[in-house]
Amino acid sequence: MAVAWLDDVRSADIDHVGGKAASLGELTAAGLPVPAGFVVTAGTYREFIEDAGIDEELFAAVDVDHEDTEALREAHERAHELIMETPVPDDVREGIVSAYRDLGDGERFVAVRSSATAEDLPDASFAGQQETFLNVQEDALVDRVKECWASLFSQRAIYYRNRQGFPHDAVDIAVVVQEMVPAEKSGVLFTSHPSTGESQIIIEAAWGLGEAVVSGSVSPDNYVIDRESGEVETITVADKKVMMEKDEETGETVEREVPEEKRSKRVLEDEEIDELVELGERVEDHYGTPQDVEWAVYDGDVYMLQSRPITTISDADDDERETAVAGTNGGGSDGPEVDSSNSGDVLFRGLGSSPGIASGKARIITKLDHLDQVGDGDIIVTEMTMPDMVPAMKRASGIVTDEGGMTSHAAIISRELGVPAVVGTGSATRELEDGQQITIDGDKGTVREGAEPEEEQHEPIEEARPKTPVKPMTATEVKVNVSIPEAAERAAATGADGVGLLRIEHMVLSLGQTPSKFIAENGERAYVDELVDGIQTAAEEFYPRPVRVRTLDAPTDEFRQLEGGDDEPKEHNPMLGYRGIRRSLDNPDLFEHELEAFRRIYEMGYDNVEVMFPLVNDAEDVSRARELMRRAGVDPEKREWGVMVETPASALEVESMAKEGIDFVSFGTNDLTQYTLAVDRNNERVADRFDELHPAVLKLIGDTIETCRELDVKTSICGQAASKPRMVQFLVEKGVSSVSANIDAVRDVQHEAKRIEQRLILDSVR
């Protein structure tokens, strides 16, 4: 018989129906929501080529050198010609059409999907190797089945089988015919991280039919769920430019622009995520191994369209897995093993779909016949990772795409081949030049300018490196202040325990424009990119040591000097005015761009970054800032965050602020001193009255440290006074958690802290 119904198919039938159909039969039997359908068996295909006498010529035509792109193209064309020009026997045609009519009223739209007998196997996915056709009706059904048969000899399929060691004459192909789900939203789900095996469920979702996601023609939303807790760790809402759907007039599958109001709208609701997670876990429980699942949602119902084993999970031990996942959507606790911070400026950011770092010449590929131009070590740059590019991937050192997600079929194959890939960059093909030297990081999803350079010695860094090589061991952490990201490398050379203060305002001021002006001329993403670049520079240099980043705190007089500063209010004393968290809370839309930068930094794997809010006065300020952080996708329960204590009000209200969930406070002694003593630190007439060691200032600091110790809130200091021995002595004696000093004072402060700690120990036992 030419066909078999999915209801009757099981995994033991894989030789007859192929991997996809066998899986769909298993899912159907397990009670999962699978659309009804049947399969044109692999035996039907084999009888077709043998009875027509084209089998020997077919296999001879594809017996070519798989590294020869031209030979592959010719082999595919000849195989396709042989199959498509050979008529299907009448009894086979009638069997297929009869089964189609039994699906419904004879006018149903169906999906016609290849199911090879060497496909969706535990050690080789063969993902995307054969064709799929959507929205097919009776008049085109048999021809689409033949197209699926012919796709067994596509360039990518020939290449892949050769590399996997599968003889061409030993592989047959079945074809699944299923009722179409006119998906309103669809995508892919991995029940474990596809590269590392981490206990995370990763869902990618887009509007319309799932073909846009698996082909890589759209950058989908990305949702990462912790399997242990069930909590959503990160949500990345993409700019979804296109979608695939059925044209109501012609019935054909067409690509259309996503309506403006839905382009940046989140695809999945929380309830849908929960349902998908539950279905994914049921599928994995059924098979007993991590699964890659295709799904669709229509009229409120979720349908399972396919499931295959994940074949790309590394066999590395747990430590290696943690290292590998760092930088990919917030996973992992260890930093990247390879430091690419010196590989030039970041040109593009996307999703890391295949891990690793690669440098090479960008080879812009806009047509498949350009693949011959890809030489050994080149980096393929293309609009989307089309499966036909697989033969060239072996020669390339990396892949960069404008569109696509980390769970597209071509991304799966790039991981299998071990080729680093960055997808969804937006415009790499239009803005990179052919032959341009670039470095890509498939873990963090970055494309940098230039090749990774040889290690160089920089005199300023050597000057900052401690002359005494042995670092004093102290219970009190000694961190370093970093005014600008460019100083991060020199600061790291001090051996400090981390960064106690990295100022975002210095990144903004260096733009020469106010944030509003810069965004108006360059766009929101460009502004966020600038912040991400600056934070990443320090975070990468210090990883895994913590880097505490303070949100924008620029007085109006500083902003007024920038282009666009005419709109800034004129204040009698800007130090007492519109700055710090009060400016941020008053302009939440602008503030959200800063928080978006933090969200992206966490997705890139920099879990050493801590968020710090400046010039807070009370719990209300903290509560409002925390809510905005949560709305921006930065989970205050999972990330380290805290506040500056710069006013007497914040020192006196620290207990109520602690109840809002802060992890730390950091004393800004410059502001705390001026607000406590009524001394403008920018007024030379009263400069002699500015004293950070004034008893009133020290009492506020000491009482705050004592309260925070009781409440298990860490304390630090990042003002100028942290470099003074007398202040260090006071802080260490009070039990401060950390001290952040200027670059040139780090080693001195380390020795001072050690001396004080030793004296305290001796005093306690004498």
# chains A, B, ... in the order shown; residues from 1 in each chain; ligands from 1
>>> residues_around(residues="Gln437 of chain A", least_positions_apart="2", cutoff="12 Å", atoms="only C-alpha atoms", output="mmCIF file with all heavy atoms, in the first residue's frame")
data_model
loop_
_atom_site.group_PDB
_atom_site.id
_atom_site.type_symbol
_atom_site.label_atom_id
_atom_site.label_comp_id
_atom_site.auth_asym_id
_atom_site.auth_seq_id
_atom_site.Cartn_x
_atom_site.Cartn_y
_atom_site.Cartn_z
ATOM 1 N N SER A 343 39.440 42.681 20.185
ATOM 2 C CA SER A 343 39.255 42.392 18.769
ATOM 3 C C SER A 343 38.626 43.546 18.007
ATOM 4 O O SER A 343 38.076 43.355 16.942
ATOM 5 C CB SER A 343 38.372 41.143 18.614
ATOM 6 O OG SER A 343 38.963 40.041 19.240
ATOM 7 N N GLY A 344 38.692 44.742 18.534
ATOM 8 C CA GLY A 344 38.148 45.884 17.832
ATOM 9 C C GLY A 344 36.766 46.256 18.329
ATOM 10 O O GLY A 344 36.210 45.648 19.228
ATOM 11 N N ASP A 345 36.209 47.314 17.719
ATOM 12 C CA ASP A 345 34.907 47.805 18.131
ATOM 13 C C ASP A 345 33.806 46.834 17.726
ATOM 14 O O ASP A 345 33.873 46.186 16.687
ATOM 15 C CB ASP A 345 34.638 49.168 17.484
ATOM 16 C CG ASP A 345 35.626 50.222 17.969
ATOM 17 O OD1 ASP A 345 36.114 50.074 19.101
ATOM 18 O OD2 ASP A 345 35.908 51.157 17.206
ATOM 19 N N LEU A 347 30.691 45.910 15.976
ATOM 20 C CA LEU A 347 29.967 46.440 14.830
ATOM 21 C C LEU A 347 28.495 46.053 14.870
ATOM 22 O O LEU A 347 27.620 46.839 14.509
ATOM 23 C CB LEU A 347 30.602 45.933 13.532
ATOM 24 C CG LEU A 347 32.092 46.256 13.326
ATOM 25 C CD1 LEU A 347 32.609 45.550 12.084
ATOM 26 C CD2 LEU A 347 32.299 47.755 13.219
ATOM 27 N N ALA A 358 35.820 33.350 16.113
ATOM 28 C CA ALA A 358 36.519 33.183 14.837
ATOM 29 C C ALA A 358 36.833 34.539 14.236
ATOM 30 O O ALA A 358 36.030 35.467 14.325
ATOM 31 C CB ALA A 358 35.664 32.371 13.860
ATOM 32 N N SER A 359 38.005 34.635 13.615
ATOM 33 C CA SER A 359 38.402 35.835 12.874
ATOM 34 C C SER A 359 38.606 35.466 11.416
ATOM 35 O O SER A 359 39.066 34.361 11.100
ATOM 36 C CB SER A 359 39.707 36.417 13.433
ATOM 37 O OG SER A 359 39.536 36.862 14.755
ATOM 38 N N GLY A 360 38.267 36.376 10.528
ATOM 39 C CA GLY A 360 38.460 36.113 9.106
ATOM 40 C C GLY A 360 37.899 37.232 8.258
ATOM 41 O O GLY A 360 37.357 38.218 8.769
ATOM 42 N N LYS A 361 38.006 37.062 6.952
ATOM 43 C CA LYS A 361 37.463 38.048 6.018
ATOM 44 C C LYS A 361 35.974 37.809 5.823
ATOM 45 O O LYS A 361 35.539 36.681 5.604
ATOM 46 C CB LYS A 361 38.183 37.950 4.673
ATOM 47 C CG LYS A 361 39.648 38.356 4.723
ATOM 48 C CD LYS A 361 40.289 38.234 3.346
ATOM 49 C CE LYS A 361 41.756 38.664 3.392
ATOM 50 N NZ LYS A 361 42.418 38.527 2.070
ATOM 51 N N ALA A 362 35.207 38.893 5.904
ATOM 52 C CA ALA A 362 33.772 38.787 5.653
ATOM 53 C C ALA A 362 33.528 38.512 4.179
ATOM 54 O O ALA A 362 34.046 39.216 3.313
ATOM 55 C CB ALA A 362 33.079 40.078 6.069
ATOM 56 N N ARG A 363 32.744 37.467 3.896
ATOM 57 C CA ARG A 363 32.385 37.150 2.518
ATOM 58 C C ARG A 363 30.882 37.320 2.388
ATOM 59 O O ARG A 363 30.098 36.519 2.890
ATOM 60 C CB ARG A 363 32.811 35.717 2.179
ATOM 61 C CG ARG A 363 32.888 35.437 0.716
ATOM 62 C CD ARG A 363 33.869 36.363 0.017
ATOM 63 N NE ARG A 363 35.253 36.183 0.443
ATOM 64 C CZ ARG A 363 36.211 37.061 0.257
ATOM 65 N NH1 ARG A 363 35.946 38.217 -0.332
ATOM 66 N NH2 ARG A 363 37.445 36.822 0.659
ATOM 67 N N ILE A 364 30.457 38.413 1.739
ATOM 68 C CA ILE A 364 29.040 38.741 1.632
ATOM 69 C C ILE A 364 28.379 37.830 0.600
ATOM 70 O O ILE A 364 28.742 37.848 -0.585
ATOM 71 C CB ILE A 364 28.835 40.214 1.233
ATOM 72 C CG1 ILE A 364 29.706 41.136 2.099
ATOM 73 C CG2 ILE A 364 27.365 40.589 1.346
ATOM 74 C CD1 ILE A 364 29.410 41.085 3.566
ATOM 75 N N GLY A 377 38.684 29.709 5.933
ATOM 76 C CA GLY A 377 38.882 30.734 6.947
ATOM 77 C C GLY A 377 38.044 31.973 6.783
ATOM 78 O O GLY A 377 38.064 32.852 7.653
ATOM 79 N N ASP A 378 37.286 32.108 5.670
ATOM 80 C CA ASP A 378 36.406 33.258 5.502
ATOM 81 C C ASP A 378 35.216 33.164 6.454
ATOM 82 O O ASP A 378 34.880 32.078 6.953
ATOM 83 C CB ASP A 378 35.877 33.338 4.069
ATOM 84 C CG ASP A 378 36.944 33.772 3.075
ATOM 85 O OD1 ASP A 378 38.001 34.251 3.534
ATOM 86 O OD2 ASP A 378 36.719 33.633 1.865
ATOM 87 N N ILE A 379 34.563 34.279 6.677
ATOM 88 C CA ILE A 379 33.339 34.305 7.476
ATOM 89 C C ILE A 379 32.173 34.633 6.554
ATOM 90 O O ILE A 379 32.153 35.688 5.914
ATOM 91 C CB ILE A 379 33.436 35.336 8.611
ATOM 92 C CG1 ILE A 379 34.499 34.899 9.629
ATOM 93 C CG2 ILE A 379 32.080 35.512 9.303
ATOM 94 C CD1 ILE A 379 34.708 35.855 10.770
ATOM 95 N N ILE A 380 31.231 33.712 6.441
ATOM 96 C CA ILE A 380 30.065 33.913 5.582
ATOM 97 C C ILE A 380 29.141 34.941 6.224
ATOM 98 O O ILE A 380 28.765 34.816 7.388
ATOM 99 C CB ILE A 380 29.303 32.595 5.366
ATOM 100 C CG1 ILE A 380 30.178 31.595 4.598
ATOM 101 C CG2 ILE A 380 27.995 32.842 4.631
ATOM 102 C CD1 ILE A 380 29.546 30.225 4.467
ATOM 103 N N VAL A 381 28.776 35.965 5.471
ATOM 104 C CA VAL A 381 27.834 36.989 5.931
ATOM 105 C C VAL A 381 26.665 36.974 4.958
ATOM 106 O O VAL A 381 26.830 37.256 3.766
ATOM 107 C CB VAL A 381 28.486 38.387 5.972
ATOM 108 C CG1 VAL A 381 27.485 39.419 6.485
ATOM 109 C CG2 VAL A 381 29.729 38.362 6.856
ATOM 110 N N LEU A 432 28.628 45.642 6.257
ATOM 111 C CA LEU A 432 29.984 45.115 6.152
ATOM 112 C C LEU A 432 30.422 45.128 4.692
ATOM 113 O O LEU A 432 29.600 45.021 3.779
ATOM 114 C CB LEU A 432 30.053 43.677 6.697
ATOM 115 C CG LEU A 432 29.942 43.506 8.217
ATOM 116 C CD1 LEU A 432 29.923 42.023 8.566
ATOM 117 C CD2 LEU A 432 31.085 44.201 8.931
ATOM 118 N N GLU A 433 31.706 45.242 4.475
ATOM 119 C CA GLU A 433 32.251 45.203 3.125
ATOM 120 C C GLU A 433 32.840 43.830 2.842
ATOM 121 O O GLU A 433 33.434 43.207 3.722
ATOM 122 C CB GLU A 433 33.333 46.277 2.955
ATOM 123 C CG GLU A 433 32.806 47.698 3.068
ATOM 124 C CD GLU A 433 33.899 48.723 2.854
ATOM 125 O OE1 GLU A 433 35.035 48.306 2.540
ATOM 126 O OE2 GLU A 433 33.625 49.926 2.994
ATOM 127 N N ASP A 434 32.682 43.380 1.614
ATOM 128 C CA ASP A 434 33.244 42.095 1.235
ATOM 129 C C ASP A 434 34.764 42.145 1.397
ATOM 130 O O ASP A 434 35.432 43.053 0.890
ATOM 131 C CB ASP A 434 32.881 41.761 -0.221
ATOM 132 C CG ASP A 434 33.149 40.311 -0.551
ATOM 133 O OD1 ASP A 434 32.457 39.451 0.016
ATOM 134 O OD2 ASP A 434 34.060 40.044 -1.362
ATOM 135 N N GLY A 435 35.299 41.190 2.133
ATOM 136 C CA GLY A 435 36.732 41.159 2.382
ATOM 137 C C GLY A 435 37.156 41.857 3.654
ATOM 138 O O GLY A 435 38.337 41.807 4.036
ATOM 139 N N THR A 439 35.900 39.797 13.579
ATOM 140 C CA THR A 439 35.974 38.735 14.579
ATOM 141 C C THR A 439 34.576 38.530 15.148
ATOM 142 O O THR A 439 33.929 39.498 15.565
ATOM 143 C CB THR A 439 36.944 39.099 15.716
ATOM 144 O OG1 THR A 439 38.267 39.202 15.190
ATOM 145 C CG2 THR A 439 36.927 38.043 16.812
ATOM 146 N N ILE A 440 34.093 37.286 15.151
ATOM 147 C CA ILE A 440 32.765 37.005 15.688
ATOM 148 C C ILE A 440 32.887 36.161 16.952
ATOM 149 O O ILE A 440 33.801 35.357 17.091
ATOM 150 C CB ILE A 440 31.849 36.313 14.657
ATOM 151 C CG1 ILE A 440 32.288 34.867 14.408
ATOM 152 C CG2 ILE A 440 31.810 37.091 13.357
ATOM 153 C CD1 ILE A 440 31.295 34.074 13.576
ATOM 154 N N VAL A 447 29.799 40.834 16.676
ATOM 155 C CA VAL A 447 30.673 40.927 15.508
ATOM 156 C C VAL A 447 31.553 42.154 15.720
ATOM 157 O O VAL A 447 31.050 43.276 15.829
ATOM 158 C CB VAL A 447 29.872 41.074 14.195
ATOM 159 C CG1 VAL A 447 30.825 41.174 13.003
ATOM 160 C CG2 VAL A 447 28.918 39.899 14.020
ATOM 161 N N ARG A 448 32.857 41.931 15.791
ATOM 162 C CA ARG A 448 33.793 43.018 16.061
ATOM 163 C C ARG A 448 34.623 43.329 14.830
ATOM 164 O O ARG A 448 34.825 42.479 13.965
ATOM 165 C CB ARG A 448 34.737 42.652 17.220
ATOM 166 C CG ARG A 448 34.032 42.507 18.557
ATOM 167 C CD ARG A 448 35.043 42.112 19.643
ATOM 168 N NE ARG A 448 34.414 42.082 20.944
ATOM 169 C CZ ARG A 448 34.308 43.129 21.746
ATOM 170 N NH1 ARG A 448 34.797 44.293 21.357
ATOM 171 N NH2 ARG A 448 33.717 43.039 22.919
ATOM 172 N N GLU A 449 35.129 44.536 14.797
ATOM 173 C CA GLU A 449 35.979 44.959 13.696
ATOM 174 C C GLU A 449 37.385 44.408 13.887
ATOM 175 O O GLU A 449 37.911 44.388 14.988
ATOM 176 C CB GLU A 449 36.034 46.483 13.639
ATOM 177 C CG GLU A 449 36.755 47.020 12.419
ATOM 178 C CD GLU A 449 36.639 48.527 12.304
ATOM 179 O OE1 GLU A 449 36.321 49.172 13.318
ATOM 180 O OE2 GLU A 449 36.855 49.045 11.202
ATOM 181 N N GLY A 450 37.981 43.945 12.791
ATOM 182 C CA GLY A 450 39.369 43.510 12.822
ATOM 183 C C GLY A 450 39.538 42.088 13.302
ATOM 184 O O GLY A 450 38.609 41.420 13.762
ATOM 185 N N ALA A 451 40.779 41.605 13.184
ATOM 186 C CA ALA A 451 41.125 40.276 13.661
ATOM 187 C C ALA A 451 41.600 40.374 15.092
ATOM 188 O O ALA A 451 41.973 41.440 15.575
ATOM 189 C CB ALA A 451 42.216 39.659 12.785
ATOM 190 N N GLU A 452 41.575 39.242 15.779
ATOM 191 C CA GLU A 452 42.067 39.231 17.146
ATOM 192 C C GLU A 452 43.571 39.470 17.124
ATOM 193 O O GLU A 452 44.322 38.670 16.552
ATOM 194 C CB GLU A 452 41.742 37.893 17.804
ATOM 195 C CG GLU A 452 41.921 37.910 19.297
ATOM 196 C CD GLU A 452 41.289 36.680 19.931
ATOM 197 O OE1 GLU A 452 40.664 35.898 19.207
ATOM 198 O OE2 GLU A 452 41.444 36.515 21.143
ATOM 199 N N PRO A 453 44.048 40.552 17.711
ATOM 200 C CA PRO A 453 45.458 40.915 17.571
ATOM 201 C C PRO A 453 46.368 40.109 18.478
ATOM 202 O O PRO A 453 45.919 39.456 19.419
ATOM 203 C CB PRO A 453 45.463 42.388 17.987
ATOM 204 C CG PRO A 453 44.352 42.473 18.990
ATOM 205 C CD PRO A 453 43.294 41.505 18.516
#
>>> closest_atom_pairs(of="segment 602-627 of chain A", to="segment 541-557 of chain A", cutoff="7 Å", atoms="only C-alpha atoms", output="Markdown table")
| residue | atom | partner | partner_atom | distance |
| --- | --- | --- | --- | --- |
| A:Asn608 | CA | A:Pro546 | CA | 4.5 |
| A:Val609 | CA | A:Val547 | CA | 4.8 |
| A:Glu610 | CA | A:Arg548 | CA | 4.5 |
| A:Val611 | CA | A:Val549 | CA | 5.3 |
| A:Met612 | CA | A:Arg550 | CA | 4.5 |
| A:Phe613 | CA | A:Thr551 | CA | 5.7 |
| A:Pro614 | CA | A:Asp553 | CA | 6.5 |
>>> select_by_dssp(residues="segment 505-659 of chain A", states="helix (DSSP H, G or I)", output="PyMOL selection string")
chain A and resi 505-509+515-522+524-542+556-560+565-567+574-576+580-586+588-603+619-631+648-652+654-658
>>> residues_around(residues="Glu26 of chain A", least_positions_apart="3", cutoff="9 Å", atoms="only C-alpha atoms", output="list in words")
Leu6, Asp7, Val9, Arg10, Ser11, Ala21, Ala22, Ser23, Ala29, Ala30, Gly31, Leu32 and His286 of chain A
>>> closest_residue(among="A:Trp207, A:Tyr578, A:Tyr45, A:Phe664", to="Glu255 of chain A", atoms="only C-alpha atoms")
A:Trp207
>>> closest_residue(among="A:Ala2, A:Val765, A:Glu70, A:Leu711", to="Ser98 of chain A", atoms="only C-alpha atoms")
A:Ala2
>>> closest_residue(among="A:Ala170, A:Ile365, A:Ala753, A:Ile504", to="Thr401 of chain A", atoms="only C-alpha atoms")
A:Ile365
>>> closest_residue(among="A:Thr494, A:Thr707, A:Asn742, A:Ser114", to="Gln306 of chain A", atoms="only C-alpha atoms")
A:Ser114
